[in-house]
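Enquirer: Quick one: the structure is below, questions incoming.
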Amino acid sequence: SDTRQSVIDIDSVSKAFGGLQALSNCSLSIPAGSITGLIGPNGSGKTTLFNTITGYERIDSGDIRFQGKSIARATPEKVFRLGIGRTFQLTRIFPKLTVLENMHVAVQRQGKGHLFSSWSAAHEQQKALELLNFVGIAQHKDLPAGNLSYGQRKLLEFAFILIADPQIILLDEPAGGVNPTMILYLADRIRELHQRGLTFLLVEHNMEFVMSLCQRVAVMHRGSIIAQGSPEEVRNNPLVLDAYLGE
Ligand code: ADP
């Protein structure tokens with residue numbers, strides 16, 4: 001595959017848990033500047049694939065490259081600092097810290113906190129506020145993050161990731177458990193970031209969300225990618241229907 005045009009290349013990756021083959025010669029390239037949806041029945045390996053890309057699980061064989069360089073052995077912190085942001089199904093915010101303090105933690109995590117570099121506290125604060133404003137929760141900046149609604153926590157986690165200036169963002173069920181108004185709002189934020197050049201890979205069960213947002217859809221089944229293409233192509237692929245009906 002042409003690594004100049006893809007941000008991430010997953011190359012024949014396999015991963016077993018005991019006797020269970022969660023990923024089986026799985027290959028997928030994520031084109032730069034795309035919004036790619038990753039779908040597939042429960043247990044098909046989507047979360048495991050996210051975990052291997054982001055350093056939370058070690059692969060047994062194959063390779064994963066980010067901008068042409070292997071990240072197969074990188075830790076989650078290293079992957080994050082390289083420019084791969086990720087959200088989780090269950091948001092990973094700090095409920096007792098305020099919304100703004102959560103953003104401060106994000107800066108520290110990235111290693112760009114003013115203690116460690118030339119970033120000033122003022123610059124950091126300004127960027128944090130800009131991002132909270134962008135995701136629409138700046139008015140809650142001094143509230144404990146635990147007081148936010150579920151959808152707002154997802155928006156905070158989004159801002160948390162954006163402070164690191166990622167190249168690509170992996171979203172794990174962004175629309176899951178979120179009300180319809182918030183889903184539309186979130187989709188607009190994703191589109192806006194996409195227009196600014198960000199690449200997205202998202203796992204999502206809400207097909208309307210996937211089909212309206214993604215230019216490309218990849219389908220997983222039993223640890224491999226069995227189909228990929230435009231939403232229309234994937235929708236009309238008989239293999240995809242079989243994969244879901246085979247559940
Ligand atoms: P999906 O996200 O598509 O629902 P997963 O990646 O969560 O699929 O799971 C793929 C398979 O790997 C499932 O059979 C699941 O039970 C198994 N699996 C995932 N993580 C672990 C783990 N940490 N230990 C054992 N089995 C796991």
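Residues are referred to by chain and number: the chain letter is A, B, ... according to the order shown in the structure tokens, the number counts from 1 in that chain, and ligands are numbered separately from 1 in the order shown.
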If we count only C-alpha atoms and set the cut-off at 9 Å, which residues sit around Ile59 (chain A), ignoring sequence neighbours fewer than 5 positions away in its own chain? Please answer as a PyMOL selection string.

Expert: chain A and resi 13-16+23+52+64+72-73

Enquirer: When DSSP is applied to the backbone of this structure, which of region 1-199 of chain A are assigned alpha helix (DSSP H)? Write them out as JSON, numbers by chain.

Expert: {"A": [46, 47, 48, 49, 50, 51, 52, 53, 76, 77, 78, 79, 80, 81, 82, 99, 100, 101, 102, 103, 104, 105, 106, 107, 108, 109, 110, 121, 122, 123, 124, 125, 126, 127, 128, 129, 130, 131, 132, 133, 134, 150, 151, 152, 153, 154, 155, 156, 157, 158, 159, 160, 161, 162, 180, 181, 182, 183, 184, 185, 186, 187, 188, 189, 190, 191, 192, 193, 194, 195]}

Enquirer: Which residues sit within 6 Å of ligand 1, counting only C-alpha atoms and all ligand atoms, listed as a PyMOL selection string?

Expert: chain A and resi 17+22+42-48

Enquirer: Can you build me a table of region 2-104 of chain A residues sitting at most 9 Å from region 145-148 of chain A, with the closest atom pair per residue and its distance in Å to one decimal, using only C-alpha atoms, sorted by chain and residue number, as JSON lines?

Expert:
{"residue": "A:Ile93", "atom": "CA", "partner": "A:Ala145", "partner_atom": "CA", "distance": 7.3}
{"residue": "A:Phe94", "atom": "CA", "partner": "A:Ala145", "partner_atom": "CA", "distance": 6.6}
{"residue": "A:Pro95", "atom": "CA", "partner": "A:Gly146", "partner_atom": "CA", "distance": 3.8}
{"residue": "A:Lys96", "atom": "CA", "partner": "A:Gly146", "partner_atom": "CA", "distance": 6.1}
{"residue": "A:Leu97", "atom": "CA", "partner": "A:Ala145", "partner_atom": "CA", "distance": 6.1}
{"residue": "A:Thr98", "atom": "CA", "partner": "A:Ala145", "partner_atom": "CA", "distance": 5.2}
{"residue": "A:Val99", "atom": "CA", "partner": "A:Ala145", "partner_atom": "CA", "distance": 5.0}
{"residue": "A:Leu100", "atom": "CA", "partner": "A:Ala145", "partner_atom": "CA", "distance": 8.6}
{"residue": "A:Glu101", "atom": "CA", "partner": "A:Ala145", "partner_atom": "CA", "distance": 8.9}
{"residue": "A:Asn102", "atom": "CA", "partner": "A:Ala145", "partner_atom": "CA", "distance": 7.6}

Enquirer: I need the chosen residues saved as a PDB file, in the first residue's frame, with N, CA and C atoms.

Expert:
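Contents of again13.pdb, freshly written:
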ATOM      1  N   ILE A  93     -12.705  10.544  31.557  1.00  0.00           N
ATOM      2  CA  ILE A  93     -12.433  11.871  32.104  1.00  0.00           C
ATOM      3  C   ILE A  93     -12.261  11.723  33.615  1.00  0.00           C
ATOM      4  N   PHE A  94     -11.829  12.788  34.271  1.00  0.00           N
ATOM      5  CA  PHE A  94     -11.656  12.770  35.721  1.00  0.00           C
ATOM      6  C   PHE A  94     -12.847  13.496  36.353  1.00  0.00           C
ATOM      7  N   PRO A  95     -13.811  12.731  36.922  1.00  0.00           N
ATOM      8  CA  PRO A  95     -15.089  13.330  37.342  1.00  0.00           C
ATOM      9  C   PRO A  95     -14.974  14.370  38.449  1.00  0.00           C
ATOM     10  N   LYS A  96     -13.957  14.266  39.302  1.00  0.00           N
ATOM     11  CA  LYS A  96     -13.866  15.216  40.420  1.00  0.00           C
ATOM     12  C   LYS A  96     -13.138  16.502  40.031  1.00  0.00           C
ATOM     13  N   LEU A  97     -12.384  16.453  38.959  1.00  0.00           N
ATOM     14  CA  LEU A  97     -11.721  17.672  38.479  1.00  0.00           C
ATOM     15  C   LEU A  97     -12.715  18.488  37.667  1.00  0.00           C
ATOM     16  N   THR A  98     -12.510  19.807  37.637  1.00  0.00           N
ATOM     17  CA  THR A  98     -13.389  20.629  36.805  1.00  0.00           C
ATOM     18  C   THR A  98     -13.096  20.334  35.331  1.00  0.00           C
ATOM     19  N   VAL A  99     -13.996  20.818  34.485  1.00  0.00           N
ATOM     20  CA  VAL A  99     -13.843  20.648  33.045  1.00  0.00           C
ATOM     21  C   VAL A  99     -12.498  21.223  32.587  1.00  0.00           C
ATOM     22  N   LEU A 100     -12.175  22.426  33.069  1.00  0.00           N
ATOM     23  CA  LEU A 100     -10.921  23.070  32.674  1.00  0.00           C
ATOM     24  C   LEU A 100      -9.707  22.312  33.223  1.00  0.00           C
ATOM     25  N   GLU A 101      -9.823  21.823  34.466  1.00  0.00           N
ATOM     26  CA  GLU A 101      -8.715  21.029  35.038  1.00  0.00           C
ATOM     27  C   GLU A 101      -8.472  19.753  34.233  1.00  0.00           C
ATOM     28  N   ASN A 102      -9.560  19.183  33.712  1.00  0.00           N
ATOM     29  CA  ASN A 102      -9.408  18.009  32.846  1.00  0.00           C
ATOM     30  C   ASN A 102      -8.560  18.349  31.624  1.00  0.00           C
TER      31      ASN A 102
END

Enquirer: Using only C-alpha atoms, which protein or nucleic acid residues come within 9 Å of region 231-243 of chain A? Drop anything in the same chain fewer than 4 positions from it, and give the result as a PyMOL selection string.

Expert: chain A and resi 37+40-41+210-212+214-222+226-227+247

Enquirer: Run DSSP on the backbone of this structure and report the residues of region 41-218 of chain A it assigns to strand (DSSP E or B), as a VMD selection string.

Expert: chain A and resid 61 to 66 69 to 70 84 to 86 98 144 168 to 172 199 to 203 216 to 218

Enquirer: I'd like a table as a Markdown table: residues in region 129-227 of chain A with an atom no more than 12 Å from region 76-87 of chain A, each row giving the shortest atom pair and its distance in Å to one decimal, only C-alpha atoms counted, sorted by chain and rising residue number.

Expert:
| residue | atom | partner | partner_atom | distance |
| --- | --- | --- | --- | --- |
| A:Arg153 | CA | A:Thr87 | CA | 10.8 |
| A:Lys154 | CA | A:Thr87 | CA | 8.1 |
| A:Leu155 | CA | A:Thr87 | CA | 10.0 |
| A:Leu156 | CA | A:Thr87 | CA | 10.2 |
| A:Glu157 | CA | A:Thr87 | CA | 6.6 |
| A:Phe158 | CA | A:Thr87 | CA | 7.0 |
| A:Ala159 | CA | A:Thr87 | CA | 10.3 |
| A:Phe160 | CA | A:Gly85 | CA | 9.2 |
| A:Ile161 | CA | A:Gly85 | CA | 5.6 |
| A:Leu162 | CA | A:Gly85 | CA | 7.6 |
| A:Ile163 | CA | A:Gly85 | CA | 9.7 |
| A:Ala164 | CA | A:Gly83 | CA | 7.2 |
| A:Asp165 | CA | A:Gly83 | CA | 6.8 |
| A:Pro166 | CA | A:Gly83 | CA | 4.1 |
| A:Gln167 | CA | A:Gly83 | CA | 5.1 |
| A:Ile168 | CA | A:Ile84 | CA | 5.2 |
| A:Ile169 | CA | A:Gly85 | CA | 4.6 |
| A:Leu170 | CA | A:Arg86 | CA | 4.6 |
| A:Leu171 | CA | A:Thr87 | CA | 5.1 |
| A:Asp172 | CA | A:Thr87 | CA | 5.8 |
| A:Glu173 | CA | A:Thr87 | CA | 8.5 |
| A:Pro174 | CA | A:Thr87 | CA | 7.9 |
| A:Ala175 | CA | A:Thr87 | CA | 11.6 |
| A:Leu198 | CA | A:Gly83 | CA | 10.6 |
| A:Thr199 | CA | A:Ile84 | CA | 9.7 |
| A:Phe200 | CA | A:Gly85 | CA | 9.5 |
| A:Leu201 | CA | A:Arg86 | CA | 9.4 |
| A:Leu202 | CA | A:Arg86 | CA | 9.5 |
| A:Val203 | CA | A:Thr87 | CA | 10.4 |

Enquirer: What is the distance between CA of Ser27 (chain A) and CA of Tyr56 (chain A), in Å to one decimal?

Expert: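 Interatomic distance here is 18.4 Å.
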
Enquirer: Which is closer to Ser24 (chain A) than all the others in A:Asn206, A:Ser224, A:Val107, A:Met182, using only C-alpha atoms?

Expert: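 Looking at the shortest contact to Ser24 (chain A), the residue is A:Ser224.
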